[in-house]
Every structure is written in structure tokens, then in C-alpha cells.
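Text of run-v4.txt, listed as compact mmCIF, C-alpha atoms:
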```
# COMPACT_ATOMS: atom_id res chain seq x y z
CA MET A 1 13.21 10.40 -43.64
CA PRO A 2 15.62 8.96 -41.05
CA LYS A 3 14.16 6.94 -38.20
CA TYR A 4 13.78 8.57 -34.80
CA LYS A 5 16.57 7.39 -32.51
CA VAL A 6 16.29 6.17 -28.91
CA ASN A 7 19.19 5.18 -26.67
CA LEU A 8 18.02 2.91 -23.85
CA ILE A 9 20.48 2.80 -20.94
CA THR A 10 20.16 -0.04 -18.45
CA MET A 11 21.36 0.26 -14.87
CA GLY A 12 21.48 -2.51 -12.28
CA CYS A 13 20.78 -6.22 -12.49
CA SER A 14 19.97 -8.79 -15.15
CA LYS A 15 16.28 -8.59 -14.23
CA ASN A 16 16.34 -4.94 -15.28
CA LEU A 17 18.12 -5.94 -18.47
CA VAL A 18 15.25 -8.24 -19.43
CA ASP A 19 12.82 -5.36 -18.90
CA SER A 20 14.95 -3.19 -21.19
CA GLU A 21 15.01 -5.90 -23.82
CA ARG A 22 11.21 -5.98 -23.81
CA VAL A 23 11.06 -2.20 -24.23
CA LEU A 24 13.59 -2.40 -27.07
CA ARG A 25 11.31 -4.86 -28.86
CA ARG A 26 8.38 -2.48 -28.60
CA LEU A 27 10.51 0.40 -29.86
CA SER A 28 11.61 -1.74 -32.79
CA ASP A 29 7.97 -2.50 -33.57
CA LEU A 30 7.40 1.27 -33.75
CA GLY A 31 10.06 1.55 -36.43
CA ILE A 32 12.33 3.39 -33.98
CA ASN A 33 16.11 3.21 -34.35
CA ALA A 34 16.64 1.81 -30.84
CA VAL A 35 20.15 1.27 -29.47
CA HIS A 36 21.18 -0.12 -26.12
CA ASN A 37 23.79 1.46 -23.82
CA ALA A 38 25.30 3.56 -26.61
CA ASP A 39 28.44 5.33 -25.43
CA ARG A 40 27.52 8.69 -26.88
CA PHE A 41 24.32 10.71 -26.68
CA SER A 42 22.95 11.82 -30.02
CA HIS A 43 19.78 13.43 -31.33
CA GLY A 44 16.69 11.56 -30.25
CA ALA A 45 15.49 10.44 -26.85
CA VAL A 46 17.26 8.70 -23.99
CA ILE A 47 15.43 6.22 -21.76
CA ILE A 48 17.23 5.36 -18.51
CA ASN A 49 16.14 2.13 -16.83
CA THR A 50 17.28 2.81 -13.27
CA CYS A 51 18.35 0.74 -10.28
CA GLY A 52 17.18 1.59 -6.77
CA PHE A 53 18.58 -1.30 -4.75
CA ILE A 54 21.37 0.21 -2.64
CA GLY A 55 23.01 3.60 -2.18
CA ASP A 56 25.78 3.25 -4.75
CA ALA A 57 23.37 2.01 -7.41
CA LYS A 58 20.93 4.85 -6.73
CA GLU A 59 23.76 7.38 -6.92
CA GLU A 60 24.93 5.96 -10.25
CA SER A 61 21.38 6.16 -11.62
CA ILE A 62 21.01 9.78 -10.51
CA GLU A 63 24.37 10.71 -12.07
CA THR A 64 23.31 9.13 -15.35
CA ILE A 65 20.01 11.02 -15.32
CA LEU A 66 21.79 14.32 -14.65
CA GLU A 67 24.31 13.65 -17.43
CA ALA A 68 21.47 12.97 -19.88
CA CYS A 69 19.72 16.17 -18.80
CA SER A 70 22.95 18.09 -19.36
CA GLN A 71 23.22 16.63 -22.87
CA LYS A 72 19.63 17.66 -23.49
CA ALA A 73 20.38 21.23 -22.36
CA GLU A 74 23.29 21.35 -24.79
CA GLY A 75 21.07 20.22 -27.65
CA HIS A 76 22.62 16.80 -28.18
CA ILE A 77 19.37 14.95 -27.43
CA ASP A 78 15.68 15.84 -27.55
CA ALA A 79 14.23 14.21 -24.44
CA VAL A 80 15.02 12.23 -21.30
CA TYR A 81 12.70 9.57 -19.91
CA VAL A 82 13.28 7.58 -16.72
CA MET A 83 11.83 4.22 -15.78
CA GLY A 84 12.77 1.32 -13.51
CA CYS A 85 13.30 0.73 -9.82
CA LEU A 86 14.50 4.18 -8.77
CA SER A 87 11.58 5.98 -10.39
CA GLU A 88 9.16 3.36 -9.05
CA ARG A 89 10.37 3.94 -5.52
CA TYR A 90 10.70 7.74 -5.61
CA ARG A 91 7.99 8.62 -8.13
CA SER A 92 6.59 11.41 -5.96
CA GLU A 93 9.93 13.00 -5.04
CA LEU A 94 12.06 12.84 -8.19
CA PRO A 95 10.03 15.04 -10.59
CA ALA A 96 10.45 18.01 -8.27
CA GLU A 97 14.14 17.29 -7.77
CA ILE A 98 14.97 16.88 -11.48
CA PRO A 99 12.31 18.77 -13.46
CA GLU A 100 14.41 18.57 -16.65
CA VAL A 101 13.29 14.96 -17.13
CA ASP A 102 10.47 14.75 -19.69
CA GLY A 103 8.72 11.74 -18.18
CA TRP A 104 8.94 9.48 -15.14
CA PHE A 105 7.63 5.91 -15.36
CA GLY A 106 7.49 3.02 -12.91
CA LYS A 107 9.33 -0.28 -13.15
CA PHE A 108 6.52 -1.98 -15.06
CA ASP A 109 5.04 1.00 -16.88
CA TRP A 110 6.46 0.00 -20.25
CA SER A 111 3.33 1.10 -22.08
CA GLY A 112 3.69 4.60 -20.61
CA VAL A 113 7.22 5.15 -21.84
CA ILE A 114 6.34 3.65 -25.24
CA GLU A 115 3.37 6.01 -25.57
CA ALA A 116 5.66 8.94 -24.75
CA ILE A 117 8.05 7.89 -27.53
CA GLU A 118 5.14 7.38 -29.93
CA ALA A 119 3.97 10.92 -29.30
CA ARG A 120 7.43 12.45 -29.66
CA ALA A 121 8.39 10.47 -32.78
CA LYS A 122 4.88 10.82 -34.25
CA VAL A 123 4.60 7.11 -34.98
CA THR A 124 2.06 4.42 -34.18
CA CYS A 125 2.64 0.74 -33.53
CA THR A 126 0.46 -1.68 -35.48
CA THR A 127 2.33 -4.84 -34.46
CA THR A 128 0.93 -7.19 -31.82
CA THR A 129 3.66 -8.06 -29.33
CA ARG A 130 3.52 -10.80 -26.71
CA ALA A 131 4.37 -9.71 -23.16
CA TRP A 132 7.68 -11.58 -23.21
CA ASP A 133 8.86 -10.63 -26.71
CA ARG A 134 12.23 -8.87 -26.59
CA GLU A 135 15.42 -7.90 -28.37
CA ILE A 136 18.36 -9.84 -26.93
CA THR A 137 21.21 -7.52 -25.91
CA THR A 138 23.55 -10.24 -24.64
CA PRO A 139 25.76 -12.22 -27.03
CA SER A 140 23.33 -14.13 -29.23
CA HIS A 141 24.14 -17.57 -27.79
CA HIS A 142 23.01 -16.79 -24.24
CA ALA A 143 20.10 -14.98 -22.60
CA TYR A 144 18.60 -14.28 -19.21
CA LEU A 145 15.22 -15.89 -18.59
CA LYS A 146 13.12 -14.10 -15.98
CA ILE A 147 10.52 -16.46 -14.56
CA ALA A 148 8.96 -14.30 -11.83
CA GLU A 149 8.62 -10.80 -10.45
CA GLY A 150 8.51 -9.53 -6.89
CA CYS A 151 9.32 -11.07 -3.53
CA ASN A 152 7.37 -12.16 -0.46
CA ARG A 153 10.30 -12.54 1.96
CA PHE A 154 10.68 -8.98 3.28
CA CYS A 155 14.20 -9.43 4.62
CA ALA A 156 14.95 -6.59 7.00
CA PHE A 157 17.65 -4.95 4.89
CA CYS A 158 16.03 -5.23 1.46
CA ALA A 159 13.91 -2.65 -0.35
CA ILE A 160 13.13 -4.82 -3.35
CA PRO A 161 9.66 -5.97 -2.16
CA LEU A 162 8.82 -2.29 -1.63
CA ILE A 163 9.68 -1.65 -5.29
CA THR A 164 8.49 -4.75 -7.11
CA GLY A 165 5.57 -5.84 -4.94
CA ARG A 166 4.46 -9.35 -4.08
CA TYR A 167 5.72 -12.47 -5.83
CA HIS A 168 4.23 -13.19 -9.22
CA SER A 169 5.24 -16.33 -11.14
CA ARG A 170 4.99 -16.64 -14.89
CA PRO A 171 3.14 -19.76 -16.06
CA VAL A 172 5.35 -22.73 -16.96
CA ASP A 173 3.90 -23.08 -20.46
CA GLU A 174 4.47 -19.40 -21.27
CA ILE A 175 8.12 -19.65 -20.19
CA LEU A 176 8.62 -22.78 -22.28
CA GLU A 177 7.12 -21.02 -25.29
CA GLU A 178 9.64 -18.21 -24.82
CA VAL A 179 12.51 -20.71 -24.52
CA ARG A 180 11.54 -22.42 -27.77
CA GLU A 181 11.33 -19.08 -29.54
CA LEU A 182 14.76 -18.02 -28.26
CA VAL A 183 16.29 -21.36 -29.24
CA GLY A 184 14.99 -20.69 -32.74
CA ARG A 185 16.94 -17.42 -32.67
CA GLY A 186 20.16 -19.17 -31.71
CA VAL A 187 20.15 -18.96 -27.92
CA LYS A 188 21.81 -22.03 -26.37
CA GLU A 189 22.41 -21.00 -22.77
CA PHE A 190 19.63 -19.88 -20.43
CA ASN A 191 20.41 -18.12 -17.17
CA VAL A 192 17.20 -18.50 -15.18
CA ILE A 193 16.59 -15.53 -12.89
CA ALA A 194 14.08 -14.33 -10.31
CA GLN A 195 14.36 -12.45 -7.07
CA ASP A 196 13.55 -15.77 -5.36
CA LEU A 197 13.68 -19.00 -7.38
CA SER A 198 12.69 -21.05 -4.33
CA PHE A 199 9.16 -19.62 -4.27
CA TYR A 200 8.54 -20.08 -7.99
CA GLY A 201 5.10 -21.57 -8.66
CA HIS A 202 3.65 -21.31 -5.17
CA ASP A 203 1.40 -18.39 -6.08
CA LEU A 204 0.11 -20.10 -9.25
CA TYR A 205 0.06 -23.79 -8.39
CA GLY A 206 0.18 -23.98 -4.60
CA HIS A 207 3.61 -25.65 -4.66
CA SER A 208 7.08 -25.12 -6.04
CA ALA A 209 7.20 -25.65 -9.79
CA LEU A 210 10.91 -25.01 -10.29
CA ALA A 211 11.84 -28.66 -10.74
CA GLU A 212 9.09 -29.20 -13.33
CA LEU A 213 10.09 -26.05 -15.22
CA VAL A 214 13.79 -26.96 -15.34
CA ASP A 215 13.07 -30.57 -16.31
CA ARG A 216 10.80 -29.52 -19.17
CA MET A 217 13.25 -26.86 -20.32
CA ALA A 218 15.96 -29.52 -20.45
CA ASP A 219 13.79 -31.52 -22.86
CA ILE A 220 13.81 -28.75 -25.46
CA GLU A 221 16.19 -29.52 -28.30
CA GLY A 222 18.86 -26.87 -28.62
CA VAL A 223 18.99 -25.97 -24.92
CA GLU A 224 22.65 -26.60 -24.09
CA TRP A 225 22.91 -25.05 -20.62
CA ILE A 226 20.40 -24.06 -17.94
CA ARG A 227 21.84 -22.18 -14.97
CA LEU A 228 19.90 -21.21 -11.83
CA HIS A 229 20.25 -17.84 -10.12
CA TYR A 230 18.98 -16.39 -6.86
CA ALA A 231 17.51 -19.24 -4.89
CA TYR A 232 16.45 -18.47 -1.33
CA PRO A 233 17.73 -20.75 1.46
CA ALA A 234 14.49 -20.97 3.47
CA ASP A 235 11.89 -23.36 2.00
CA PHE A 236 14.40 -24.51 -0.62
CA PRO A 237 12.80 -26.70 -3.34
CA TYR A 238 14.81 -29.89 -2.82
CA ASP A 239 13.05 -31.64 -5.70
CA VAL A 240 15.12 -29.58 -8.14
CA LEU A 241 18.33 -31.30 -6.98
CA PRO A 242 17.65 -34.69 -8.67
CA VAL A 243 16.87 -32.80 -11.87
CA MET A 244 20.20 -30.98 -11.65
CA ALA A 245 22.03 -34.23 -11.00
CA ARG A 246 20.27 -36.17 -13.78
CA ARG A 247 20.03 -33.71 -16.66
CA LYS A 248 23.29 -33.10 -18.53
CA ASN A 249 22.22 -29.70 -19.82
CA VAL A 250 21.38 -28.38 -16.35
CA CYS A 251 24.56 -26.76 -15.06
CA LYS A 252 25.98 -27.98 -11.78
CA TYR A 253 25.71 -24.45 -10.50
CA LEU A 254 23.47 -22.70 -7.99
CA ASP A 255 23.36 -19.05 -7.00
CA ILE A 256 21.91 -18.87 -3.49
CA ALA A 257 22.36 -15.75 -1.35
CA LEU A 258 22.97 -16.73 2.29
CA GLN A 259 23.90 -13.29 3.67
CA HIS A 260 25.28 -14.52 7.03
CA ILE A 261 25.74 -17.50 9.35
CA ASP A 262 25.48 -15.98 12.84
CA ASP A 263 22.11 -16.90 14.36
CA THR A 264 21.48 -13.49 15.93
CA VAL A 265 22.34 -11.66 12.72
CA LEU A 266 20.17 -14.02 10.66
CA GLU A 267 17.25 -13.50 13.04
CA ASN A 268 17.64 -9.73 12.95
CA MET A 269 17.82 -9.87 9.16
CA HIS A 270 14.51 -11.81 9.13
CA ARG A 271 16.07 -14.48 6.92
CA HIS A 272 13.70 -17.26 8.11
CA ILE A 273 16.58 -19.73 8.58
CA ASN A 274 19.27 -20.40 11.19
CA ALA A 275 22.91 -21.47 11.01
CA ALA A 276 22.31 -25.18 11.57
CA ASP A 277 19.67 -25.37 8.84
CA THR A 278 21.89 -23.36 6.49
CA ARG A 279 24.74 -25.83 6.94
CA ALA A 280 22.39 -28.79 6.50
CA LEU A 281 21.05 -27.23 3.29
CA LEU A 282 24.53 -26.85 1.83
CA GLN A 283 25.49 -30.40 2.80
CA ARG A 284 22.39 -31.81 1.11
CA ILE A 285 22.93 -29.77 -2.06
CA ARG A 286 26.52 -30.98 -2.38
CA ARG A 287 25.55 -34.55 -1.55
CA GLU A 288 22.73 -34.78 -4.09
CA VAL A 289 24.52 -32.86 -6.86
CA PRO A 290 28.16 -34.04 -6.81
CA GLY A 291 30.57 -31.49 -8.24
CA ILE A 292 28.15 -28.57 -7.94
CA HIS A 293 29.60 -25.06 -7.73
CA ILE A 294 27.76 -22.79 -5.33
CA ARG A 295 27.72 -19.01 -5.68
CA THR A 296 26.60 -17.03 -2.67
CA THR A 297 26.38 -13.44 -1.51
CA LEU A 298 27.25 -12.38 2.03
CA MET A 299 26.75 -9.15 3.97
CA VAL A 300 28.99 -7.55 6.55
CA GLY A 301 28.18 -4.74 8.93
CA PHE A 302 24.50 -5.42 9.54
CA PRO A 303 23.42 -3.53 12.70
CA GLY A 304 24.58 -5.39 15.78
CA GLU A 305 27.09 -7.59 13.97
CA THR A 306 29.70 -8.11 16.68
CA ASP A 307 33.35 -8.99 16.13
CA ALA A 308 32.49 -12.54 17.20
CA ALA A 309 29.63 -12.75 14.71
CA PHE A 310 31.90 -11.59 11.92
CA GLU A 311 34.55 -14.15 12.87
CA ARG A 312 31.87 -16.84 12.67
CA LEU A 313 31.17 -15.64 9.14
CA MET A 314 34.88 -15.90 8.30
CA ASP A 315 35.01 -19.43 9.71
CA PHE A 316 31.93 -20.32 7.69
CA VAL A 317 33.62 -19.27 4.43
CA ARG A 318 36.76 -21.22 5.37
CA GLN A 319 34.72 -24.34 6.07
CA GLU A 320 32.25 -24.22 3.18
CA LYS A 321 34.77 -23.17 0.52
CA PHE A 322 32.27 -21.52 -1.81
CA GLU A 323 33.52 -21.78 -5.37
CA ARG A 324 31.95 -18.41 -6.14
CA MET A 325 31.20 -15.64 -3.66
CA GLY A 326 30.42 -11.95 -3.58
CA ALA A 327 29.95 -9.68 -0.58
CA PHE A 328 28.86 -6.18 0.28
CA ALA A 329 28.62 -3.91 3.30
CA TYR A 330 25.24 -3.09 4.84
CA CYS A 331 23.70 0.15 3.63
CA GLU A 332 20.60 1.38 5.41
CA GLU A 333 17.61 1.72 3.11
CA GLU A 334 14.71 3.90 4.19
CA ASP A 335 11.38 2.24 4.97
CA THR A 336 12.93 -1.22 5.38
CA ARG A 337 12.48 -3.15 8.61
CA ALA A 338 16.15 -2.73 9.47
CA ALA A 339 15.90 1.04 9.13
CA LYS A 340 12.88 1.07 11.43
CA GLU A 341 14.09 -1.49 13.98
CA PHE A 342 17.83 -0.87 14.24
CA THR A 343 20.44 1.86 14.34
CA ASP A 344 23.15 1.64 11.70
CA ASP A 345 25.73 1.40 14.49
CA ILE A 346 28.81 -0.03 12.79
CA PRO A 347 31.28 2.60 11.50
CA GLU A 348 31.92 2.62 7.78
CA ASP A 349 35.63 1.96 8.23
CA VAL A 350 34.83 -1.15 10.27
CA LYS A 351 32.41 -2.35 7.58
CA GLN A 352 35.05 -1.82 4.90
CA ALA A 353 37.75 -3.58 6.90
CA ARG A 354 35.48 -6.59 7.39
CA LEU A 355 34.56 -6.62 3.72
CA ASP A 356 38.23 -6.47 2.71
CA ARG A 357 39.12 -9.37 5.02
CA LEU A 358 36.23 -11.47 3.78
CA MET A 359 37.06 -10.94 0.11
CA ALA A 360 40.77 -11.59 0.70
CA LEU A 361 39.81 -14.91 2.26
CA GLN A 362 37.54 -15.71 -0.68
CA GLU A 363 40.39 -15.02 -3.11
CA GLN A 364 42.37 -17.80 -1.40
CA VAL A 365 39.35 -20.13 -1.50
CA ALA A 366 38.74 -19.38 -5.18
CA LEU A 367 42.39 -20.04 -6.04
CA GLU A 368 42.27 -23.42 -4.28
CA SER A 369 39.14 -24.31 -6.23
CA ASN A 370 40.72 -23.29 -9.53
CA LEU A 371 43.99 -25.11 -8.81
CA SER A 372 42.02 -28.33 -8.39
CA LYS A 373 40.94 -28.00 -12.04
CA VAL A 374 44.45 -27.95 -13.52
CA GLY A 375 44.83 -30.98 -15.78
CA GLN A 376 41.09 -31.47 -16.17
CA THR A 377 39.20 -31.37 -19.46
CA MET A 378 36.19 -29.06 -19.36
CA ARG A 379 33.47 -28.03 -21.80
CA VAL A 380 33.37 -24.29 -22.41
CA VAL A 381 31.39 -21.87 -24.53
CA ILE A 382 33.32 -19.13 -26.31
CA ASP A 383 31.95 -15.63 -25.64
CA SER A 384 34.56 -13.41 -27.29
CA GLU A 385 38.20 -13.14 -28.26
CA THR A 386 41.20 -10.92 -27.59
CA ASP A 387 44.51 -10.68 -29.40
CA ASP A 388 45.91 -13.57 -27.35
CA TYR A 389 42.97 -15.67 -26.19
CA TYR A 390 39.46 -16.86 -26.85
CA VAL A 391 37.39 -15.95 -23.80
CA GLY A 392 35.14 -18.76 -22.63
CA ARG A 393 33.14 -20.00 -19.67
CA SER A 394 32.44 -23.40 -18.18
CA GLU A 395 29.09 -24.57 -16.82
CA PHE A 396 30.32 -23.24 -13.46
CA ASP A 397 30.61 -19.66 -14.72
CA SER A 398 27.74 -17.25 -15.14
CA PRO A 399 28.28 -14.35 -17.55
CA GLU A 400 29.94 -11.20 -16.20
CA VAL A 401 30.11 -12.24 -12.53
CA ASP A 402 32.17 -15.45 -12.56
CA PRO A 403 35.68 -16.43 -13.70
CA GLU A 404 36.57 -16.84 -17.36
CA VAL A 405 38.45 -19.59 -19.15
CA LEU A 406 41.09 -18.08 -21.42
CA VAL A 407 41.77 -20.47 -24.28
CA GLU A 408 45.10 -20.12 -26.07
CA LYS A 409 44.80 -19.50 -29.81
CA THR A 410 46.20 -22.77 -31.10
CA ALA A 411 43.15 -23.37 -33.31
CA GLU A 412 40.37 -21.28 -34.82
CA LEU A 413 37.26 -21.25 -32.63
CA GLN A 414 33.79 -19.81 -33.24
CA ILE A 415 32.00 -17.42 -30.91
CA GLY A 416 28.96 -19.08 -29.37
CA GLU A 417 30.18 -22.64 -29.91
CA PHE A 418 31.15 -25.23 -27.31
CA TYR A 419 34.57 -26.90 -27.09
CA ASN A 420 36.46 -29.24 -24.79
CA VAL A 421 39.57 -27.63 -23.33
CA THR A 422 42.34 -28.75 -21.01
CA ILE A 423 43.11 -26.52 -18.03
CA ASN A 424 46.82 -25.72 -17.82
CA LYS A 425 47.03 -22.90 -15.29
CA ALA A 426 44.90 -21.43 -12.52
CA LEU A 427 44.62 -17.92 -11.16
CA PRO A 428 42.12 -16.85 -8.45
CA PHE A 429 39.56 -15.65 -10.98
CA GLU A 430 40.76 -17.08 -14.30
CA LEU A 431 41.71 -20.38 -15.85
CA ILE A 432 44.17 -20.74 -18.74
CA ALA A 433 43.44 -23.58 -21.18
CA THR A 434 44.22 -25.10 -24.57
CA ILE A 435 41.95 -27.01 -26.92
CA ALA A 436 41.80 -30.64 -25.80
CA ASP A 437 43.38 -33.25 -28.06
```
Written form, C-alpha cells:
Amino acid sequence: MPKYKVNLITMGCSKNLVDSERVLRRLSDLGINAVHNADRFSHGAVIINTCGFIGDAKEESIETILEACSQKAEGHIDAVYVMGCLSERYRSELPAEIPEVDGWFGKFDWSGVIEAIEARAKVTCTTTTRAWDREITTPSHHAYLKIAEGCNRFCAFCAIPLITGRYHSRPVDEILEEVRELVGRGVKEFNVIAQDLSFYGHDLYGHSALAELVDRMADIEGVEWIRLHYAYPADFPYDVLPVMARRKNVCKYLDIALQHIDDTVLENMHRHINAADTRALLQRIRREVPGIHIRTTLMVGFPGETDAAFERLMDFVRQEKFERMGAFAYCEEEDTRAAKEFTDDIPEDVKQARLDRLMALQEQVALESNLSKVGQTMRVVIDSETDDYYVGRSEFDSPEVDPEVLVEKTAELQIGEFYNVTINKALPFELIATIAD
């Protein structure tokens, strides 16, 4: 008898992806034929792990749910289940809006969706699974490592604390156990993620434990790269900087969302930091970790952002020369402090014009950064290949969001292995290289 099939579709961020990987492991333990993000719907169930962060992401999640329901109506699939951030946030409204869905589950209600699949497939799990066990969906040499859930910051624009709840750190020893297990499965690169890395450990130990965690991870044989994502600028754990500078397998890379530099905008955003302290933070990071590449995220169009405030943001990007930067326009989210305290008073065309100007400036900054690498020898990991190139990344490049290093096919390279390459050409978001002599 063929195995029951489940297609798990993941929307949104890498934190959601880790949740999906944990569900996939539990489905596998049930003997289910579980696939991830399959292009086509086929007989069996579909689980959609939704995103509820901003308007565009919510719209994409809803469209995916409706498409799955349409496929169910046409007989291509048996059932549709929805979990994740969108269903967590709108659990009381969505069932009435989309009654075709067979089950709605919250962001952390993995047992609920598994029980629904058990009942439909008429199977029972007899395997004991640890909370962090999962099926890796990324290329086998790298994985995301989620070290905490939730957030205590309550920035005015952000709905995430309303969805995920208060901050909850995982114990250091449990994380290290997971790292060792993943190394044994061939994972070499660990992209450490949390909504707020800066707060890691405070709820468990009364102090930041990020430096200890990273230092102990770096001791594990087989860990080639550790990369840190989503630090918060206020209360930054400065003790992690010496670890980054000292340990060769800790990437000289930090993802830290700054959002803005204008003092009034920062205050209205409830970011708990001002412009002067932001600049001092960046100076100290670059001073203590020479050669570090900083990725940040900025926002335009927050209520009350004047032309002068936006120009200060532009000047900030010119001065700081972030090697990696993303940006987005403010989108009002119901029940957030911004929605309650401010009117969304900046026209959409003004927001878009500001966003376009900011990203055009960043393209120039990124090109300057890349041009400085021409002639250098860099260590890269190979992720994939095309007809003309091997596609790699340096320690300064996180998967999917950062530039790639395209290595000319002058020698045979292996996916998932590390090589030294010489940079020959620079584009704003790509480097062209050959294998180093």
C-alpha cells in the first residue's frame, strides 16, 4: 500500500522554515511520504505554514491557501491544513472566511497538525522525537539554527511579539547537542537565527549568553562557519565581538536591523536607541571585528517621517557604507502601537519613491564594496552549479539574501566543499572568480 502523501509549503522567514523542518521530521516518523514545497499538488494533504508579518506576506499566504482549496475542490488533494503566524494571529477570523480549510493550527501547535494527519492517514507514531529533531530542507552542508522564540521589544511597527509571545531562549546545552547531531549529518555552516539575538539567554540565565554559545559552538569539530542573524541594536551583547574576532570559524558578518537613524523616528518606533548610540555601536563593532560585513534592514515611510528625516537616513547610508542592506516601506499592522498611536500619513507613492532612492544608493555602495575585493583571494563554499559557473558564497554572504560568488568552471568542484578563489570581476550583487592557484 503506498504511503500517504503530504506536501508542506513554507511561507515567510527562515524561522518558519525551521518549524516546517520539525514538522517534516514528525511526518517522516509517521511513515508519511512528506515533501517540502512541491511544485504540484497531488493526492494527499497539503499543510501551509503561513507568514503573517506584513501585508504582502499575508496576501501571499492567503493566495496559497485559496489555491490549495481550489485544488481540493477539483479532487487533486484530500485536505488542506494551515499553521504558522497567519493562523496564530487570525485564528478566530479565518475559519469563517475560508471554511474549505480542514484544520487551522497556531504557530507552535505542531502536535495538533500531526494528530490531524495521523487521523486522516490512519497511522500512529511510535517513534520518540526530541523537540529539535528535524529534516533539513536546505542544501545538506548548511542549516538554520533557531536559538530562541518570541520577542520582548514591542517596536511600534511590529506585530511579531503579538504572534510569537514573549522571548524564550533555548538552553545552551540543548543547542550544542543539536549542532553536534547536525554536524554528524554533514552540516558545516550554521546560520544562527532568532527574532532578537541580543536578548538571548537573559530569560534563562539573567544575562546574555550569546558569546558563550558561539564560543562553544566554534569548539565543535566540523563546524566550518557560524553566522549571526537578527541582532538588536539596543542592549547589544558586546562580549560576542571578541569571540567573532578571535574564532576563525565565526564569520565576520552580523545581521542587525537598525530601521532608521532620525531621532524622532526612532523614538516614535520605540526602538530604545538614538542616532548617536547607533553610530557608536557601529563604530565599536567595526573597530573590534576588523573586516566585518554588516547587514542591516531599514524602513522608509514610518508615520511622521519628514523629508528631512529621510535625507538623514540617506546620509547615514552614504556614511556607514553597509556592505549588505535591505529596506521596506512601512505598512500599518493592526493592534501594533504604531497603528494605535499614529496615522499612516505618508502617501504610498512617496513611500515607494523613498524606497527606490534608498535602494539605488545602496546599489552604488554595494558595488564599491565588491570592487574593493577584486584581486583578493577568498574562501567560498559551493552551493550549486549552472552551465557556466559554480555558485558559491563567502563568509560575508548568507544564503538566499546576499551576493553570490560565481566561480568559472576551470576545475571540477564539489557541492558543499570549501575552496579558495580569486576575485576577478565585481558587479553590485555578484562577484566573478576563478579557483586560486
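Among the candidates A:Ala329, A:Ile163, A:Leu94, A:Val179, the residue lying nearest to A:Asp344 is A:Ala329 (atoms considered: all atoms listed in the file).
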Problem - Selection: 9 Å around A:Asp437, only C-alpha atoms, excl. self and same-chain fewer than 2 positions, as a ChimeraX atom specification - result: /A:420-422,434-435
Exercise for the section: List the neighbours of stretch 17-26 of chain A out to 9 Å using all atoms listed in the file; skip same-chain residues closer than 5 positions along the sequence, and give me the result as a PyMOL selection string. Expected result: chain A and resi 8-12+31-32+34-36+49+84+107-108+110-111+113-114+125+127+129+131-137+143-146
Determine, counting all atoms listed in the file, which protein, DNA and RNA residues have an atom within 12 Å of an atom of A:Gln319; residues of the same chain fewer than 5 positions away are not included. Present the result as an mmCIF file with C-alpha atoms, in the frame of the given file.
```cif
data_model
loop_
_atom_site.group_PDB
_atom_site.id
_atom_site.type_symbol
_atom_site.label_atom_id
_atom_site.label_comp_id
_atom_site.auth_asym_id
_atom_site.auth_seq_id
_atom_site.Cartn_x
_atom_site.Cartn_y
_atom_site.Cartn_z
ATOM 1 C CA ILE A 261 25.740 -17.500 9.350
ATOM 2 C CA ARG A 279 24.740 -25.830 6.940
ATOM 3 C CA LEU A 282 24.530 -26.850 1.830
ATOM 4 C CA GLN A 283 25.490 -30.400 2.800
ATOM 5 C CA ARG A 312 31.870 -16.840 12.670
ATOM 6 C CA LEU A 313 31.170 -15.640 9.140
ATOM 7 C CA MET A 314 34.880 -15.900 8.300
ATOM 8 C CA LEU A 361 39.810 -14.910 2.260
ATOM 9 C CA GLN A 362 37.540 -15.710 -0.680
ATOM 10 C CA VAL A 365 39.350 -20.130 -1.500
#
```
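With only C-alpha atoms as the atoms that count, the minimum distance from A:Arg354 to the choices A:Glu212, A:Glu221, A:Asp307, A:Asp39 is reached by A:Asp307.
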